[in-house]
Amino acid sequence: MAGVAGEDCGVGRYSEGISSGQHCLSGEALAEWQSSEQVENGTPSTSLLYWDSDNGDGPKPSELYGKYTWKIEKFSQINERELHSDAFEVGGYKWYIIIYPQGCDVCNHLSVFLCVDNHDKLLPGWSRFAQFTIAVVNKDPKKSKYSDTLHRFWKKEHDWGWKKFMELSKVYDGFIESDTLIIEAQVQVIREKADYPFHCLDPQYRREFVRVYLTNVEQIYRRFLDDKRSNLGKFIQDKAKWSSFRAFWLGIDQNSRHRMSREKKDVILKVVVKYFLIEKEVTSTLVMDSLYSGLKALEGQSKSKKAKSKLSDADEMPAPIVRVEEDMFVLVDDVLLLLERAASEPLPPKDEKGPQNQTRVQNKDSGDLNKDSIERDERRLAELGYRTVEIFALAHIFSNKIQVAYQEAVALQGQEEAAWLAESEQKT
C-alpha cells in the first residue's frame with residue numbers, strides 16, 4: 001500500500017499545499033500482496049471473531065469495495081494535458097481516474113486523481129466518505145508504486161489524489177511495457193456511524209492495510225493507553241488526593257456506588273468515535289475496524305465464556321475491567337481496585353515480528369506462514385481495540401461520573417467548613 005506519491009500526499013486538483021495526515025510510504029515493502037486464499041462472500045478463513053461481521057442493516061464493506069484497472073496504450077505519444085479513464089462503479093457510485101502525464105500545476109511529475117463521475121450534477125449536501133489506493137504497476141510487482149488516502153468527496157471536492165505521484169523520469173524504469181502504462185485503483189466507500197465504532201474495510205483490502213499500517217495503529221493505541229495510565233498513576237501517587245478520594249468512595253452507600261459505576265454505551269461510544277476518527281488520517285479506518293472488533297469481543301465476552309475463550313486462543317487476556325449489560329458499560333469490580341489495575345497493568349508487549357518486513361507480493365512457498373502472520377496481526381489489533389475500549393470506558397465513567405461526584409463532595413465539604421469557621425468567628 002501507500003507507495004511513493006511524491007511530495008503532495010492527497011490533495012484536490014485545485015488545492016494549495018499539502019493535506020495533512022496522509023501516509024505516503026515507499027519501497028519494495030509496499031509491493032502488491034495478494035492473499036493465499038481468495039475471499040468468498042466477504043469472510044476470510046483467518047477471520048478473528050468479529051472482523052467480518054457487521055452491526056445493523058445496510059451493505060457490508062465487501063459490497064462497497066471495488067477494483068479497477070486502466071491500461072493506457074501508446075503512452076509516449078500522448079499530447080493531451082489530462083486523460084480520463086472510463087467510469088467504473090463502486091459502492092453504488094461511479095468514479096473515474098484522471099492523470100496528468102506532464103503534471104498538474106507541477107513539472108516533471110505524473111499527477112493522479114480519483115474523481116466522482118457526473119460531479120456537476122451532485123446535489124447540495126451530497127457527500128461520500130471513501131478510502132482509496134492508486135497504484136502504477138511495474139513489471140516487477142515489488143517495485144510498483146502505491147499511495148493510499150482517505151477523503152470525504154462532495155460537490156466542491158469531487159476529486160482527490162496526488163500532484164506529485166511519481167517523477168516522470170522514473171515512469172520508464174519498468175513501469176511501461178509495450179508503450180503501455182497500467183494504473184490500478186482500489187476504492188472502499190465507507191458507511192460511517194457517529195455513535196458506534198464501525199466496520200470499514202473489505203477483508204482483503206483490510207489485510208493489505210494491516211500489513212502496512214499495523215505499526216502506525218499500534219502507536220496510536222499505545223499513546224492513548226500510556227496517557228490514560230500516566231494520568232491515573234499521577235492521581236494515585238498523590239497520596240493526599242488518593243486518600244481523600246478513597247475516603248469519599250468508601251463513605252458512600254452501595255446504591256450510589258452502583259449508580260456511578262455504569263454509563264450508557266452509546267454515550268461512551270460517541271466519544272470513542274469522535275476521539276479516534278480523524279477524517280484526513282489514512283489509518284482511521286483500520287482503527288475503527290479494530291475498535292469494532294474489540295467492542296464486539298467485549299460484548300461477546302459479557303454474554304458467554306465461549307466468546308472469551310475464542311479471543312484468548314492465542315494469548316491470555318487479562319481479567320476484564322468493564323462488561324456490557326444490555327445498553328450499559330458497567331465496571332466489573334470496585335473502582336479503587338480497577339484504577340490501581342489500569343495504572344499498573346502492563347500493555348501487551350510490542351510485536352517484534354510486526355508487518356514491517358512483509359510485502360504485498362506473496363511468496364508462493366510460504367502460504368502457511370502468511371496465514372499465521374495474518375491471523376497474528378488481526379488478533380493483535382483486536383486485542384488492542386478491546387483494551388482501548390475497556391480503558392476508554394473506565395476513564396470516562398471515572399472522570400465524568402465518579403470524579404465529578406467526588407469534586408462536588410469536596411467542594412460541599414469546603415463550603416461547610418468555611419461556613420462553620422465563619423460561624424465560630426462570629427461567636428467569639
# chains A, B, ... in the order shown; residues from 1 in each chain; ligands from 1
>>> residues_around(residues="Lys270 in chain A", least_positions_apart="2", cutoff="10 Å", atoms="only C-alpha atoms", output="PyMOL selection string")
chain A and resi 193-197+265-268+272-275
>>> select_by_dssp(residues="range 37-249 of chain A", states="alpha helix (DSSP H)", output="JSON, numbers by chain")
{"A": [168, 169, 170, 171, 203, 204, 205, 206, 207, 208, 209, 210, 211, 212, 213, 214, 215, 216, 217, 218, 219, 220, 221, 222, 223, 224, 225, 226, 227, 228, 229, 230, 231, 232, 233, 234, 235, 236, 237, 239, 240, 241, 242, 243, 244, 245, 246, 247, 248, 249]}
>>> write_last_selection(atoms="C-alpha atoms", output="CSV table (one decimal), in the first residue's frame")
chain,number,residue,atom,x,y,z
A,168,LEU,CA,8.3,11.3,-14.9
A,169,SER,CA,12.0,10.2,-15.2
A,170,LYS,CA,11.1,7.1,-13.2
A,171,VAL,CA,8.0,6.2,-15.3
A,203,PRO,CA,-11.5,-8.2,4.3
A,204,GLN,CA,-8.8,-8.5,1.7
A,205,TYR,CA,-8.3,-4.7,1.5
A,206,ARG,CA,-8.0,-4.6,5.2
A,207,ARG,CA,-5.3,-7.3,5.2
A,208,GLU,CA,-3.2,-5.1,3.0
A,209,PHE,CA,-3.7,-2.2,5.3
A,210,VAL,CA,-2.8,-4.3,8.3
A,211,ARG,CA,0.5,-5.3,6.7
A,212,VAL,CA,1.4,-1.7,6.0
A,213,TYR,CA,-0.1,0.2,8.9
A,214,LEU,CA,-0.2,-2.1,11.9
A,215,THR,CA,2.8,-0.4,13.5
A,216,ASN,CA,1.1,3.0,13.0
A,217,VAL,CA,-2.1,1.9,14.5
A,218,GLU,CA,-0.4,0.3,17.4
A,219,GLN,CA,1.4,3.6,18.1
A,220,ILE,CA,-1.9,5.4,18.2
A,221,TYR,CA,-3.3,3.0,20.7
A,222,ARG,CA,-0.2,2.9,22.8
A,223,ARG,CA,-0.1,6.7,23.0
A,224,PHE,CA,-3.7,6.7,24.2
A,225,LEU,CA,-3.2,3.9,26.7
A,226,ASP,CA,0.0,5.4,28.0
A,227,ASP,CA,-1.6,8.8,28.5
A,228,LYS,CA,-4.5,7.3,30.5
A,229,ARG,CA,-2.2,5.1,32.6
A,230,SER,CA,0.0,8.1,33.3
A,231,ASN,CA,-2.9,10.3,34.4
A,232,LEU,CA,-4.3,7.6,36.7
A,233,GLY,CA,-0.8,6.9,38.1
A,234,LYS,CA,-0.3,10.5,39.0
A,235,PHE,CA,-3.7,10.7,40.7
A,236,ILE,CA,-2.9,7.5,42.7
A,237,GLN,CA,0.6,8.6,43.6
A,239,LYS,CA,-1.2,10.4,48.5
A,240,ALA,CA,-3.3,13.3,49.7
A,241,LYS,CA,-5.7,13.2,46.7
A,242,TRP,CA,-5.9,9.4,46.7
A,243,SER,CA,-6.5,9.2,50.4
A,244,SER,CA,-9.2,11.8,50.1
A,245,PHE,CA,-10.8,10.0,47.2
A,246,ARG,CA,-10.7,6.6,49.0
A,247,ALA,CA,-12.4,8.2,52.0
A,248,PHE,CA,-15.1,9.6,49.8
A,249,TRP,CA,-15.7,6.4,47.9
>>> residues_around(residues="Asp117 in chain A", least_positions_apart="5", cutoff="10 Å", atoms="only C-alpha atoms", output="list in words")
Asp86, Ala87, Phe88, Glu89, Tyr93, Lys94, Trp95, Tyr96, Ile97, Leu122, His158 and Asp159 of chain A
>>> write_last_selection(atoms="N, CA and C atoms", output="short mmCIF file (atom, residue, chain, number, x, y, z; two decimals), in the first residue's frame")
data_model
loop_
_atom_site.label_atom_id
_atom_site.label_comp_id
_atom_site.auth_asym_id
_atom_site.auth_seq_id
_atom_site.Cartn_x
_atom_site.Cartn_y
_atom_site.Cartn_z
N ASP A 86 -12.30 5.36 -18.25
CA ASP A 86 -13.74 5.10 -18.30
C ASP A 86 -14.29 5.13 -16.88
N ALA A 87 -15.58 5.38 -16.74
CA ALA A 87 -16.21 5.38 -15.42
C ALA A 87 -16.37 3.93 -14.94
N PHE A 88 -16.22 3.72 -13.66
CA PHE A 88 -16.44 2.41 -13.05
C PHE A 88 -17.23 2.60 -11.76
N GLU A 89 -18.00 1.58 -11.41
CA GLU A 89 -18.91 1.70 -10.28
C GLU A 89 -18.38 0.96 -9.05
N TYR A 93 -21.81 4.09 -6.67
CA TYR A 93 -21.48 5.38 -7.27
C TYR A 93 -20.44 5.16 -8.36
N LYS A 94 -20.43 6.06 -9.33
CA LYS A 94 -19.48 5.95 -10.43
C LYS A 94 -18.30 6.88 -10.20
N TRP A 95 -17.12 6.36 -10.55
CA TRP A 95 -15.86 7.07 -10.35
C TRP A 95 -15.04 6.98 -11.63
N TYR A 96 -14.04 7.82 -11.75
CA TYR A 96 -13.06 7.66 -12.82
C TYR A 96 -11.72 8.22 -12.35
N ILE A 97 -10.66 7.82 -13.04
CA ILE A 97 -9.31 8.26 -12.72
C ILE A 97 -8.90 9.34 -13.71
N LEU A 122 -24.17 16.69 -8.87
CA LEU A 122 -24.35 16.35 -7.46
C LEU A 122 -25.22 17.41 -6.77
N HIS A 158 -14.75 17.11 -5.38
CA HIS A 158 -15.18 15.89 -6.04
C HIS A 158 -14.02 15.06 -6.57
N ASP A 159 -12.78 15.59 -6.49
CA ASP A 159 -11.62 14.79 -6.86
C ASP A 159 -10.54 14.91 -5.79
#
>>> closest_residue(among="A:Ile252, A:Ala319, A:Leu384, A:Val116", to="Pro348 in chain A", atoms="only C-alpha atoms")
A:Leu384
>>> closest_residue(among="A:Trp126, A:Trp160, A:Phe75, A:Phe132", to="Ile98 in chain A", atoms="only C-alpha atoms")
A:Trp160
>>> select_by_dssp(residues="range 235-330 of chain A", states="strand (DSSP E or B)", output="ChimeraX atom specification")
/A:262-264,322-325,328-330
>>> closest_residue(among="A:Glu82, A:Glu326, A:Glu390, A:Glu63", to="Leu269 in chain A", atoms="only C-alpha atoms")
A:Glu390
>>> closest_residue(among="A:Glu279, A:Phe329, A:Arg387, A:Asn79", to="Pro346 in chain A", atoms="only C-alpha atoms")
A:Arg387
>>> atom_distance(atom1="CA of Asp334 in chain A", atom2="CA of Arg259 in chain A")
12.3 Å
>>> closest_residue(among="A:His258, A:Lys264, A:Lys280, A:Lys71", to="His151 in chain A", atoms="only C-alpha atoms")
A:Lys280
>>> closest_residue(among="A:Pro59, A:Ser178, A:Phe392, A:Ile183", to="Ser144 in chain A", atoms="only C-alpha atoms")
A:Ile183
>>> atom_distance(atom1="CA of Lys145 in chain A", atom2="CA of Gln102 in chain A")
17.6 Å
